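> First the structure, then my questions, so here it is.
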Amino acid sequence: MTVSEMQNEILRLKKERDVCVLAHCYQSQSVLEVADYVGDSYGLSVQASKAPQKTVVMCGVRFMAETVKILSPEKTVYLANPMAGCPMAEQMDRDLIEGVKSQYPDHAVVCYINTTAALKTVCDVCVTSSSAVKIIRKLENPNILFVPDKNLGDYVQKQVPEKHLMLLQGGCPTHASVGEKETLLQKDRHPNALLLVHPECRPEVVALADFVGSTSAIMDFAEHSDAKEFLIGTEMSIAEHLQFKCPEKRFIPLSKKLLCTNMKCTTLPDVLAAVRGEAEPIELPPDVLMGARRCIDRMIELG
């Protein structure tokens, strides 16, 4: 089958089998084109909960599919490729954080959405990259254990200096792969380009940015900016997607290292198999569903 033929078959089967396809922004363009919804991880899970379909296919990584299941436990949720994990989400588990909590009982535990469902059950509130500052500012407790991303935590700490954030050695290996030297070199090569970066990047890279925000915020800023050239400091597929949306502008990946191999695991044939019901369904124990949902509900309440 050609790409076009496979896409048409996916679109046909979606209608026939009443399936909703979600695609994270970091997926390939061919996958995005067959999705019902495209966006950040939490936004996709909200869209899934509102969708009329009872079967959902997540084209992303495991923690994203888990979040969909948490918000829509009555639905059948498939992860298009079972190998698609998130290194950051896998860095810390429930036992580790429970151990740290026992040593620092006066700290509220805040977890990034990029964590497993099991880990969320021992956290007080969940945050996204776009809501972290707002939510942490609203927490009554001045002492925060923020997991797992120390770079996002550092960014939040600078925005909310009245709080004390304890950070552990975790983070996104893709975003953390780019340093100050490479960033300065790219800025010298493209002096007219605005630098847009994700707060998962290293603090020294964030400090050089013209704009810092979530994936969706970066895309929105670039689309509506009067500037014509941009260095994109997040997963390199975003530069490609923006180029499709704004062909009159130029989008340059900050580094060739900004490639998430886990996101690239999902292919169009994977999506076709998932729409056929040949993928891995996400199953979570009742106590995990309830515990993780409490953490996410707290985020909705504060955010």
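Every chain in the structure tokens takes a letter, A first, then B, and so on in the order presented; its residues are numbered from 1, and the ligands are numbered from 1 following the presented order.
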Considering only C-alpha atoms, give me a table of residues in region 199-293 of chain A that are at most 6 Å from region 60-80 of chain A, with the closest atom pair and distance in Å for each, as JSON lines.

{"residue": "A:Met263", "atom": "CA", "partner": "A:Gly60", "partner_atom": "CA", "distance": 5.9}
{"residue": "A:Asp270", "atom": "CA", "partner": "A:Ala80", "partner_atom": "CA", "distance": 5.6}
{"residue": "A:Val271", "atom": "CA", "partner": "A:Ala80", "partner_atom": "CA", "distance": 5.6}
{"residue": "A:Ala274", "atom": "CA", "partner": "A:Ala80", "partner_atom": "CA", "distance": 5.5}
{"residue": "A:Ala279", "atom": "CA", "partner": "A:Ala80", "partner_atom": "CA", "distance": 5.9}
{"residue": "A:Glu280", "atom": "CA", "partner": "A:Tyr78", "partner_atom": "CA", "distance": 5.5}
{"residue": "A:Pro281", "atom": "CA", "partner": "A:Tyr78", "partner_atom": "CA", "distance": 4.4}
{"residue": "A:Ile282", "atom": "CA", "partner": "A:Val77", "partner_atom": "CA", "distance": 5.6}
{"residue": "A:Leu289", "atom": "CA", "partner": "A:Ile70", "partner_atom": "CA", "distance": 5.5}
{"residue": "A:Arg293", "atom": "CA", "partner": "A:Ile70", "partner_atom": "CA", "distance": 6.0}
> Which distance in Å separates CA of Met219 (chain A) and CA of Lys257 (chain A), to one decimal?
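We find that CA of Met219 (chain A) and CA of Lys257 (chain A) lie 19.6 Å from each other.
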> Just asking: which residues within region 14-256 of chain A are helix (DSSP H, G or I) according to DSSP, as an mmCIF file with N, CA and C atoms, in the first residue's frame?

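Now in states.cif:
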data_model
loop_
_atom_site.group_PDB
_atom_site.id
_atom_site.type_symbol
_atom_site.label_atom_id
_atom_site.label_comp_id
_atom_site.auth_asym_id
_atom_site.auth_seq_id
_atom_site.Cartn_x
_atom_site.Cartn_y
_atom_site.Cartn_z
ATOM 1 N N LYS A 14 -11.863 4.007 10.659
ATOM 2 C CA LYS A 14 -12.267 4.849 11.788
ATOM 3 C C LYS A 14 -13.785 5.015 11.811
ATOM 4 N N LYS A 15 -14.362 5.264 10.656
ATOM 5 C CA LYS A 15 -15.808 5.438 10.581
ATOM 6 C C LYS A 15 -16.533 4.118 10.797
ATOM 7 N N GLU A 16 -16.023 3.084 10.168
ATOM 8 C CA GLU A 16 -16.671 1.766 10.245
ATOM 9 C C GLU A 16 -16.665 1.210 11.661
ATOM 10 N N ARG A 17 -15.552 1.390 12.369
ATOM 11 C CA ARG A 17 -15.390 0.808 13.707
ATOM 12 C C ARG A 17 -15.606 1.823 14.828
ATOM 13 N N GLN A 29 4.123 13.647 10.052
ATOM 14 C CA GLN A 29 3.050 14.341 9.346
ATOM 15 C C GLN A 29 2.017 13.357 8.806
ATOM 16 N N SER A 30 2.458 12.192 8.342
ATOM 17 C CA SER A 30 1.517 11.215 7.778
ATOM 18 C C SER A 30 0.554 10.692 8.836
ATOM 19 N N VAL A 31 1.008 10.602 10.082
ATOM 20 C CA VAL A 31 0.136 10.169 11.178
ATOM 21 C C VAL A 31 -0.811 11.298 11.577
ATOM 22 N N LEU A 32 -0.295 12.510 11.665
ATOM 23 C CA LEU A 32 -1.131 13.656 12.022
ATOM 24 C C LEU A 32 -2.311 13.807 11.067
ATOM 25 N N SER A 41 -0.084 16.202 25.318
ATOM 26 C CA SER A 41 -0.571 14.976 25.946
ATOM 27 C C SER A 41 -1.862 15.174 26.734
ATOM 28 N N TYR A 42 -1.907 16.166 27.639
ATOM 29 C CA TYR A 42 -3.095 16.335 28.460
ATOM 30 C C TYR A 42 -4.280 16.800 27.623
ATOM 31 N N GLY A 43 -4.036 17.721 26.710
ATOM 32 C CA GLY A 43 -5.117 18.198 25.853
ATOM 33 C C GLY A 43 -5.762 17.075 25.064
ATOM 34 N N LEU A 44 -4.958 16.126 24.615
ATOM 35 C CA LEU A 44 -5.489 14.987 23.872
ATOM 36 C C LEU A 44 -6.385 14.126 24.754
ATOM 37 N N SER A 45 -5.977 13.917 26.003
ATOM 38 C CA SER A 45 -6.782 13.085 26.900
ATOM 39 C C SER A 45 -8.123 13.741 27.197
ATOM 40 N N VAL A 46 -8.148 15.067 27.280
ATOM 41 C CA VAL A 46 -9.402 15.787 27.487
ATOM 42 C C VAL A 46 -10.302 15.640 26.261
ATOM 43 N N GLN A 47 -9.723 15.775 25.082
ATOM 44 C CA GLN A 47 -10.496 15.607 23.844
ATOM 45 C C GLN A 47 -11.083 14.199 23.767
ATOM 46 N N ALA A 48 -10.278 13.202 24.191
ATOM 47 C CA ALA A 48 -10.754 11.819 24.160
ATOM 48 C C ALA A 48 -11.951 11.628 25.079
ATOM 49 N N SER A 49 -11.920 12.282 26.242
ATOM 50 C CA SER A 49 -13.019 12.137 27.200
ATOM 51 C C SER A 49 -14.307 12.757 26.667
ATOM 52 N N LYS A 50 -14.188 13.727 25.776
ATOM 53 C CA LYS A 50 -15.358 14.395 25.207
ATOM 54 C C LYS A 50 -15.834 13.730 23.915
ATOM 55 N N ARG A 62 3.456 5.760 26.173
ATOM 56 C CA ARG A 62 2.614 5.036 27.116
ATOM 57 C C ARG A 62 1.931 5.916 28.163
ATOM 58 N N PHE A 63 2.660 6.855 28.766
ATOM 59 C CA PHE A 63 2.025 7.642 29.817
ATOM 60 C C PHE A 63 0.848 8.441 29.268
ATOM 61 N N MET A 64 0.903 8.802 27.978
ATOM 62 C CA MET A 64 -0.195 9.536 27.357
ATOM 63 C C MET A 64 -1.432 8.648 27.228
ATOM 64 N N ALA A 65 -1.216 7.408 26.817
ATOM 65 C CA ALA A 65 -2.333 6.466 26.716
ATOM 66 C C ALA A 65 -2.910 6.182 28.097
ATOM 67 N N GLU A 66 -2.040 6.117 29.105
ATOM 68 C CA GLU A 66 -2.523 5.922 30.473
ATOM 69 C C GLU A 66 -3.399 7.092 30.923
ATOM 70 N N THR A 67 -3.000 8.305 30.579
ATOM 71 C CA THR A 67 -3.776 9.480 30.967
ATOM 72 C C THR A 67 -5.156 9.466 30.299
ATOM 73 N N VAL A 68 -5.204 9.029 29.057
ATOM 74 C CA VAL A 68 -6.496 8.888 28.381
ATOM 75 C C VAL A 68 -7.374 7.894 29.134
ATOM 76 N N LYS A 69 -6.784 6.770 29.529
ATOM 77 C CA LYS A 69 -7.538 5.742 30.253
ATOM 78 C C LYS A 69 -8.011 6.257 31.612
ATOM 79 N N ILE A 70 -7.178 7.035 32.290
ATOM 80 C CA ILE A 70 -7.545 7.592 33.594
ATOM 81 C C ILE A 70 -8.769 8.489 33.472
ATOM 82 N N LEU A 71 -8.811 9.320 32.429
ATOM 83 C CA LEU A 71 -9.926 10.251 32.254
ATOM 84 C C LEU A 71 -11.131 9.605 31.576
ATOM 85 N N ARG A 94 7.029 4.705 41.903
ATOM 86 C CA ARG A 94 6.283 4.991 43.125
ATOM 87 C C ARG A 94 7.123 4.749 44.375
ATOM 88 N N ASP A 95 7.872 3.645 44.404
ATOM 89 C CA ASP A 95 8.674 3.323 45.593
ATOM 90 C C ASP A 95 9.715 4.395 45.880
ATOM 91 N N LEU A 96 10.372 4.882 44.820
ATOM 92 C CA LEU A 96 11.393 5.915 44.990
ATOM 93 C C LEU A 96 10.785 7.182 45.600
ATOM 94 N N ILE A 97 9.681 7.636 45.041
ATOM 95 C CA ILE A 97 9.074 8.888 45.505
ATOM 96 C C ILE A 97 8.469 8.724 46.892
ATOM 97 N N GLU A 98 7.925 7.562 47.194
ATOM 98 C CA GLU A 98 7.435 7.324 48.557
ATOM 99 C C GLU A 98 8.572 7.406 49.566
ATOM 100 N N GLY A 99 9.768 6.918 49.164
ATOM 101 C CA GLY A 99 10.933 6.997 50.037
ATOM 102 C C GLY A 99 11.364 8.429 50.282
ATOM 103 N N VAL A 100 11.358 9.244 49.220
ATOM 104 C CA VAL A 100 11.735 10.653 49.360
ATOM 105 C C VAL A 100 10.692 11.387 50.204
ATOM 106 N N LYS A 101 9.421 11.074 49.993
ATOM 107 C CA LYS A 101 8.347 11.702 50.765
ATOM 108 C C LYS A 101 8.511 11.435 52.261
ATOM 109 N N SER A 102 8.924 10.226 52.598
ATOM 110 C CA SER A 102 9.083 9.885 54.018
ATOM 111 C C SER A 102 10.193 10.700 54.673
ATOM 112 N N GLN A 103 11.186 11.123 53.881
ATOM 113 C CA GLN A 103 12.279 11.936 54.405
ATOM 114 C C GLN A 103 11.908 13.417 54.478
ATOM 115 N N ALA A 117 1.165 6.353 35.485
ATOM 116 C CA ALA A 117 -0.062 6.415 36.285
ATOM 117 C C ALA A 117 0.219 5.980 37.715
ATOM 118 N N ALA A 118 1.067 4.974 37.892
ATOM 119 C CA ALA A 118 1.382 4.479 39.240
ATOM 120 C C ALA A 118 2.055 5.551 40.077
ATOM 121 N N LEU A 119 2.971 6.309 39.495
ATOM 122 C CA LEU A 119 3.647 7.365 40.235
ATOM 123 C C LEU A 119 2.680 8.477 40.632
ATOM 124 N N LYS A 120 1.739 8.776 39.770
ATOM 125 C CA LYS A 120 0.771 9.833 40.070
ATOM 126 C C LYS A 120 -0.039 9.520 41.328
ATOM 127 N N ALA A 132 2.218 24.548 35.069
ATOM 128 C CA ALA A 132 3.047 24.319 36.258
ATOM 129 C C ALA A 132 3.225 25.571 37.105
ATOM 130 N N VAL A 133 3.566 26.676 36.489
ATOM 131 C CA VAL A 133 3.804 27.914 37.234
ATOM 132 C C VAL A 133 2.537 28.348 37.964
ATOM 133 N N LYS A 134 1.431 28.345 37.264
ATOM 134 C CA LYS A 134 0.153 28.787 37.840
ATOM 135 C C LYS A 134 -0.256 27.908 39.020
ATOM 136 N N ILE A 135 -0.139 26.595 38.858
ATOM 137 C CA ILE A 135 -0.588 25.679 39.903
ATOM 138 C C ILE A 135 0.317 25.738 41.126
ATOM 139 N N ILE A 136 1.624 25.742 40.919
ATOM 140 C CA ILE A 136 2.544 25.773 42.052
ATOM 141 C C ILE A 136 2.423 27.096 42.811
ATOM 142 N N ARG A 137 2.161 28.162 42.094
ATOM 143 C CA ARG A 137 1.944 29.453 42.758
ATOM 144 C C ARG A 137 0.710 29.409 43.666
ATOM 145 N N LYS A 138 -0.293 28.610 43.297
ATOM 146 C CA LYS A 138 -1.532 28.525 44.069
ATOM 147 C C LYS A 138 -1.439 27.600 45.271
ATOM 148 N N LYS A 150 14.023 18.129 36.246
ATOM 149 C CA LYS A 150 14.714 19.204 36.976
ATOM 150 C C LYS A 150 14.816 20.488 36.149
ATOM 151 N N ASN A 151 14.822 20.372 34.824
ATOM 152 C CA ASN A 151 14.902 21.582 33.992
ATOM 153 C C ASN A 151 13.589 22.362 34.025
ATOM 154 N N LEU A 152 12.480 21.658 33.897
ATOM 155 C CA LEU A 152 11.187 22.324 34.042
ATOM 156 C C LEU A 152 11.057 22.875 35.462
ATOM 157 N N GLY A 153 11.526 22.105 36.440
ATOM 158 C CA GLY A 153 11.483 22.568 37.821
ATOM 159 C C GLY A 153 12.293 23.835 38.032
ATOM 160 N N ASP A 154 13.457 23.905 37.412
ATOM 161 C CA ASP A 154 14.293 25.104 37.513
ATOM 162 C C ASP A 154 13.576 26.310 36.900
ATOM 163 N N TYR A 155 12.920 26.078 35.777
ATOM 164 C CA TYR A 155 12.168 27.163 35.124
ATOM 165 C C TYR A 155 11.047 27.657 36.037
ATOM 166 N N VAL A 156 10.315 26.725 36.644
ATOM 167 C CA VAL A 156 9.226 27.096 37.552
ATOM 168 C C VAL A 156 9.764 27.845 38.765
ATOM 169 N N GLN A 157 10.881 27.353 39.321
ATOM 170 C CA GLN A 157 11.467 28.001 40.499
ATOM 171 C C GLN A 157 11.799 29.463 40.217
ATOM 172 N N LYS A 158 12.309 29.748 39.045
ATOM 173 C CA LYS A 158 12.641 31.132 38.683
ATOM 174 C C LYS A 158 11.389 31.997 38.547
ATOM 175 N N GLN A 159 10.269 31.386 38.131
ATOM 176 C CA GLN A 159 9.021 32.140 37.980
ATOM 177 C C GLN A 159 8.290 32.304 39.308
ATOM 178 N N HIS A 175 15.417 16.848 25.133
ATOM 179 C CA HIS A 175 15.541 18.290 25.322
ATOM 180 C C HIS A 175 16.846 18.671 26.016
ATOM 181 N N ALA A 176 17.313 17.812 26.925
ATOM 182 C CA ALA A 176 18.537 18.116 27.664
ATOM 183 C C ALA A 176 19.803 17.871 26.855
ATOM 184 N N SER A 177 19.648 17.352 25.641
ATOM 185 C CA SER A 177 20.825 17.031 24.822
ATOM 186 C C SER A 177 21.492 18.259 24.219
ATOM 187 N N GLU A 180 24.460 25.147 25.776
ATOM 188 C CA GLU A 180 24.607 26.570 25.491
ATOM 189 C C GLU A 180 25.472 26.822 24.254
ATOM 190 N N LYS A 181 26.573 26.090 24.139
ATOM 191 C CA LYS A 181 27.504 26.318 23.031
ATOM 192 C C LYS A 181 26.826 26.106 21.682
ATOM 193 N N GLU A 182 26.112 25.000 21.556
ATOM 194 C CA GLU A 182 25.429 24.709 20.298
ATOM 195 C C GLU A 182 24.335 25.735 20.024
ATOM 196 N N THR A 183 23.645 26.167 21.059
ATOM 197 C CA THR A 183 22.582 27.155 20.898
ATOM 198 C C THR A 183 23.138 28.486 20.410
ATOM 199 N N LEU A 184 24.241 28.923 21.017
ATOM 200 C CA LEU A 184 24.866 30.179 20.594
ATOM 201 C C LEU A 184 25.361 30.097 19.154
ATOM 202 N N LEU A 185 25.890 28.936 18.783
ATOM 203 C CA LEU A 185 26.352 28.743 17.409
ATOM 204 C C LEU A 185 25.195 28.886 16.423
ATOM 205 N N GLN A 186 24.057 28.298 16.757
ATOM 206 C CA GLN A 186 22.890 28.400 15.879
ATOM 207 C C GLN A 186 22.360 29.830 15.812
ATOM 208 N N LYS A 187 22.397 30.530 16.925
ATOM 209 C CA LYS A 187 21.951 31.925 16.928
ATOM 210 C C LYS A 187 22.873 32.792 16.066
ATOM 211 N N ASP A 188 24.163 32.487 16.076
ATOM 212 C CA ASP A 188 25.107 33.212 15.221
ATOM 213 C C ASP A 188 24.848 32.924 13.748
ATOM 214 N N ARG A 189 24.488 31.673 13.453
ATOM 215 C CA ARG A 189 24.211 31.283 12.070
ATOM 216 C C ARG A 189 22.919 31.900 11.560
ATOM 217 N N PRO A 203 18.619 25.015 31.610
ATOM 218 C CA PRO A 203 18.436 26.415 32.017
ATOM 219 C C PRO A 203 19.258 27.404 31.198
ATOM 220 N N GLU A 204 20.495 27.026 30.836
ATOM 221 C CA GLU A 204 21.332 27.949 30.072
ATOM 222 C C GLU A 204 20.797 28.168 28.655
ATOM 223 N N VAL A 205 20.044 27.198 28.122
ATOM 224 C CA VAL A 205 19.403 27.349 26.813
ATOM 225 C C VAL A 205 18.132 28.187 26.954
ATOM 226 N N VAL A 206 17.359 27.904 27.992
ATOM 227 C CA VAL A 206 16.143 28.670 28.258
ATOM 228 C C VAL A 206 16.467 30.152 28.422
ATOM 229 N N THR A 215 4.749 22.885 23.922
ATOM 230 C CA THR A 215 4.751 22.630 22.478
ATOM 231 C C THR A 215 3.655 23.425 21.781
ATOM 232 N N SER A 216 2.440 23.347 22.329
ATOM 233 C CA SER A 216 1.319 24.078 21.723
ATOM 234 C C SER A 216 1.552 25.583 21.752
ATOM 235 N N ALA A 217 2.123 26.063 22.854
ATOM 236 C CA ALA A 217 2.389 27.502 22.971
ATOM 237 C C ALA A 217 3.446 27.948 21.962
ATOM 238 N N ILE A 218 4.465 27.124 21.762
ATOM 239 C CA ILE A 218 5.499 27.428 20.766
ATOM 240 C C ILE A 218 4.880 27.533 19.375
ATOM 241 N N MET A 219 4.030 26.564 19.042
ATOM 242 C CA MET A 219 3.407 26.568 17.722
ATOM 243 C C MET A 219 2.489 27.776 17.551
ATOM 244 N N ASP A 220 1.744 28.089 18.582
ATOM 245 C CA ASP A 220 0.834 29.228 18.514
ATOM 246 C C ASP A 220 1.609 30.540 18.367
ATOM 247 N N PHE A 221 2.697 30.662 19.123
ATOM 248 C CA PHE A 221 3.516 31.872 19.042
ATOM 249 C C PHE A 221 4.086 32.039 17.634
ATOM 250 N N ALA A 222 4.633 30.949 17.083
ATOM 251 C CA ALA A 222 5.264 31.020 15.762
ATOM 252 C C ALA A 222 4.253 31.359 14.672
ATOM 253 N N GLU A 223 3.062 30.778 14.769
ATOM 254 C CA GLU A 223 2.029 31.020 13.759
ATOM 255 C C GLU A 223 1.589 32.486 13.746
ATOM 256 N N HIS A 224 1.511 33.090 14.916
ATOM 257 C CA HIS A 224 0.952 34.439 15.013
ATOM 258 C C HIS A 224 2.007 35.544 15.083
ATOM 259 N N SER A 237 10.252 17.556 14.913
ATOM 260 C CA SER A 237 9.061 17.442 14.069
ATOM 261 C C SER A 237 8.212 18.707 14.114
ATOM 262 N N ILE A 238 8.325 19.477 15.207
ATOM 263 C CA ILE A 238 7.544 20.702 15.320
ATOM 264 C C ILE A 238 7.952 21.710 14.244
ATOM 265 N N ALA A 239 9.235 21.746 13.940
ATOM 266 C CA ALA A 239 9.691 22.638 12.864
ATOM 267 C C ALA A 239 9.057 22.232 11.538
ATOM 268 N N GLU A 240 8.967 20.924 11.308
ATOM 269 C CA GLU A 240 8.349 20.435 10.070
ATOM 270 C C GLU A 240 6.864 20.787 10.017
ATOM 271 N N HIS A 241 6.142 20.530 11.118
ATOM 272 C CA HIS A 241 4.707 20.810 11.132
ATOM 273 C C HIS A 241 4.426 22.294 10.943
ATOM 274 N N LEU A 242 5.255 23.135 11.571
ATOM 275 C CA LEU A 242 5.077 24.575 11.408
ATOM 276 C C LEU A 242 5.344 25.010 9.971
ATOM 277 N N GLN A 243 6.280 24.321 9.320
ATOM 278 C CA GLN A 243 6.584 24.666 7.934
ATOM 279 C C GLN A 243 5.398 24.366 7.032
ATOM 280 N N PHE A 244 4.663 23.290 7.332
ATOM 281 C CA PHE A 244 3.441 22.989 6.580
ATOM 282 C C PHE A 244 2.379 24.064 6.823
ATOM 283 N N LYS A 245 2.258 24.517 8.074
ATOM 284 C CA LYS A 245 1.231 25.496 8.423
ATOM 285 C C LYS A 245 1.557 26.894 7.915
#
> Please indicate the distance in Å from CA of Val197 (chain A) to CA of Leu231 (chain A), rounded to one decimal place.
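Rounded to one decimal, the two atoms are 8.3 Å apart.
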> Tell me which protein, DNA and RNA residues are within 10 Å of His107 (chain A), counting only C-alpha atoms, leaving out same-chain ones fewer than 2 positions away, and put them as a PyMOL selection string.
chain A and resi 100-105+109-110+124+141-146+164-166
> Once you have the residues from the selection above, write them out as a PDB file, in the first residue's frame, restricted to N, CA and C atoms.

ATOM      1  N   VAL A 100      11.358   9.244  49.220  1.00  0.00           N
ATOM      2  CA  VAL A 100      11.735  10.653  49.360  1.00  0.00           C
ATOM      3  C   VAL A 100      10.692  11.387  50.204  1.00  0.00           C
ATOM      4  N   LYS A 101       9.421  11.074  49.993  1.00  0.00           N
ATOM      5  CA  LYS A 101       8.347  11.702  50.765  1.00  0.00           C
ATOM      6  C   LYS A 101       8.511  11.435  52.261  1.00  0.00           C
ATOM      7  N   SER A 102       8.924  10.226  52.598  1.00  0.00           N
ATOM      8  CA  SER A 102       9.083   9.885  54.018  1.00  0.00           C
ATOM      9  C   SER A 102      10.193  10.700  54.673  1.00  0.00           C
ATOM     10  N   GLN A 103      11.186  11.123  53.881  1.00  0.00           N
ATOM     11  CA  GLN A 103      12.279  11.936  54.405  1.00  0.00           C
ATOM     12  C   GLN A 103      11.908  13.417  54.478  1.00  0.00           C
ATOM     13  N   TYR A 104      10.968  13.841  53.647  1.00  0.00           N
ATOM     14  CA  TYR A 104      10.569  15.255  53.589  1.00  0.00           C
ATOM     15  C   TYR A 104       9.040  15.352  53.673  1.00  0.00           C
ATOM     16  N   PRO A 105       8.473  14.981  54.823  1.00  0.00           N
ATOM     17  CA  PRO A 105       7.010  14.942  54.944  1.00  0.00           C
ATOM     18  C   PRO A 105       6.333  16.308  54.858  1.00  0.00           C
ATOM     19  N   VAL A 109       3.999  17.092  46.994  1.00  0.00           N
ATOM     20  CA  VAL A 109       4.621  16.404  45.856  1.00  0.00           C
ATOM     21  C   VAL A 109       3.870  16.763  44.577  1.00  0.00           C
ATOM     22  N   VAL A 110       4.582  17.387  43.670  1.00  0.00           N
ATOM     23  CA  VAL A 110       4.018  17.810  42.388  1.00  0.00           C
ATOM     24  C   VAL A 110       4.692  17.011  41.283  1.00  0.00           C
ATOM     25  N   ASP A 124       0.569  14.738  45.037  1.00  0.00           N
ATOM     26  CA  ASP A 124      -0.548  15.584  45.465  1.00  0.00           C
ATOM     27  C   ASP A 124      -1.262  16.242  44.292  1.00  0.00           C
ATOM     28  N   ASN A 141       1.354  25.141  50.403  1.00  0.00           N
ATOM     29  CA  ASN A 141       2.632  24.684  50.950  1.00  0.00           C
ATOM     30  C   ASN A 141       3.796  25.385  50.246  1.00  0.00           C
ATOM     31  N   PRO A 142       4.713  26.008  50.988  1.00  0.00           N
ATOM     32  CA  PRO A 142       5.849  26.682  50.352  1.00  0.00           C
ATOM     33  C   PRO A 142       6.937  25.704  49.900  1.00  0.00           C
ATOM     34  N   ASN A 143       6.901  24.471  50.410  1.00  0.00           N
ATOM     35  CA  ASN A 143       7.917  23.472  50.087  1.00  0.00           C
ATOM     36  C   ASN A 143       7.356  22.448  49.104  1.00  0.00           C
ATOM     37  N   ILE A 144       8.027  22.318  47.973  1.00  0.00           N
ATOM     38  CA  ILE A 144       7.538  21.470  46.890  1.00  0.00           C
ATOM     39  C   ILE A 144       8.603  20.465  46.478  1.00  0.00           C
ATOM     40  N   LEU A 145       8.229  19.197  46.416  1.00  0.00           N
ATOM     41  CA  LEU A 145       9.058  18.183  45.760  1.00  0.00           C
ATOM     42  C   LEU A 145       8.526  18.057  44.344  1.00  0.00           C
ATOM     43  N   PHE A 146       9.328  18.498  43.356  1.00  0.00           N
ATOM     44  CA  PHE A 146       8.871  18.523  41.964  1.00  0.00           C
ATOM     45  C   PHE A 146       9.573  17.409  41.194  1.00  0.00           C
ATOM     46  N   HIS A 164       9.883  27.007  47.544  1.00  0.00           N
ATOM     47  CA  HIS A 164      11.145  26.267  47.543  1.00  0.00           C
ATOM     48  C   HIS A 164      10.907  24.921  46.880  1.00  0.00           C
ATOM     49  N   LEU A 165      11.531  24.739  45.709  1.00  0.00           N
ATOM     50  CA  LEU A 165      11.363  23.500  44.957  1.00  0.00           C
ATOM     51  C   LEU A 165      12.561  22.589  45.153  1.00  0.00           C
ATOM     52  N   MET A 166      12.289  21.379  45.631  1.00  0.00           N
ATOM     53  CA  MET A 166      13.315  20.354  45.687  1.00  0.00           C
ATOM     54  C   MET A 166      13.266  19.584  44.371  1.00  0.00           C
TER      55      MET A 166
END
> Determine which residues of region 37-236 of chain A DSSP labels as strand (DSSP E or B) from the backbone of this structure, then write them out as a PyMOL selection string.
chain A and resi 37-39+55-59+76-79+108-112+125-127+143-147+164-167+194-197+211-212+229-233
> Can you write out the residues you just picked, keeping C-alpha atoms, as a short mmCIF file (atom, residue, chain, number, x, y, z; two decimals), in the first residue's frame?

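Generated output (out-v4.cif):
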data_model
loop_
_atom_site.label_atom_id
_atom_site.label_comp_id
_atom_site.auth_asym_id
_atom_site.auth_seq_id
_atom_site.Cartn_x
_atom_site.Cartn_y
_atom_site.Cartn_z
CA TYR A 37 -7.21 15.41 17.35
CA VAL A 38 -3.61 16.67 17.43
CA GLY A 39 -2.00 18.33 20.42
CA THR A 55 -12.53 3.23 21.27
CA VAL A 56 -9.48 5.48 21.27
CA VAL A 57 -6.08 5.01 19.61
CA MET A 58 -3.20 7.01 21.08
CA CYS A 59 -0.36 7.79 18.69
CA THR A 76 -11.06 0.95 25.20
CA VAL A 77 -7.73 2.72 24.78
CA TYR A 78 -5.02 1.39 22.48
CA LEU A 79 -1.39 2.47 22.37
CA ALA A 108 3.87 18.80 48.72
CA VAL A 109 4.62 16.40 45.86
CA VAL A 110 4.02 17.81 42.39
CA CYS A 111 4.47 15.57 39.37
CA TYR A 112 4.78 16.53 35.74
CA VAL A 125 -1.10 17.28 42.14
CA CYS A 126 -0.14 16.88 38.50
CA VAL A 127 0.96 19.73 36.21
CA ASN A 143 7.92 23.47 50.09
CA ILE A 144 7.54 21.47 46.89
CA LEU A 145 9.06 18.18 45.76
CA PHE A 146 8.87 18.52 41.96
CA VAL A 147 9.37 15.39 39.83
CA HIS A 164 11.14 26.27 47.54
CA LEU A 165 11.36 23.50 44.96
CA MET A 166 13.32 20.35 45.69
CA LEU A 167 14.47 18.84 42.39
CA LEU A 194 13.70 34.07 17.13
CA LEU A 195 14.62 31.24 19.51
CA LEU A 196 11.57 29.38 20.83
CA VAL A 197 12.29 26.69 23.44
CA PHE A 211 10.03 32.68 23.98
CA VAL A 212 9.62 29.76 26.41
CA GLU A 229 12.47 32.98 10.87
CA PHE A 230 12.56 30.78 13.97
CA LEU A 231 14.89 28.39 15.75
CA ILE A 232 12.72 25.67 17.27
CA GLY A 233 14.05 24.36 20.57
#
> What is the CA of Thr266 (chain A)-CA of Pro253 (chain A) distance in Å, reported with one decimal?
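About the pair CA of Thr266 (chain A) and CA of Pro253 (chain A): they are 20.9 Å apart.
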> Between A:Pro148, A:Arg250, A:Thr121, A:Glu278, which has the minimum distance to Asp297 (chain A) (counting only C-alpha atoms)?
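Nearest to Asp297 (chain A): A:Thr121.
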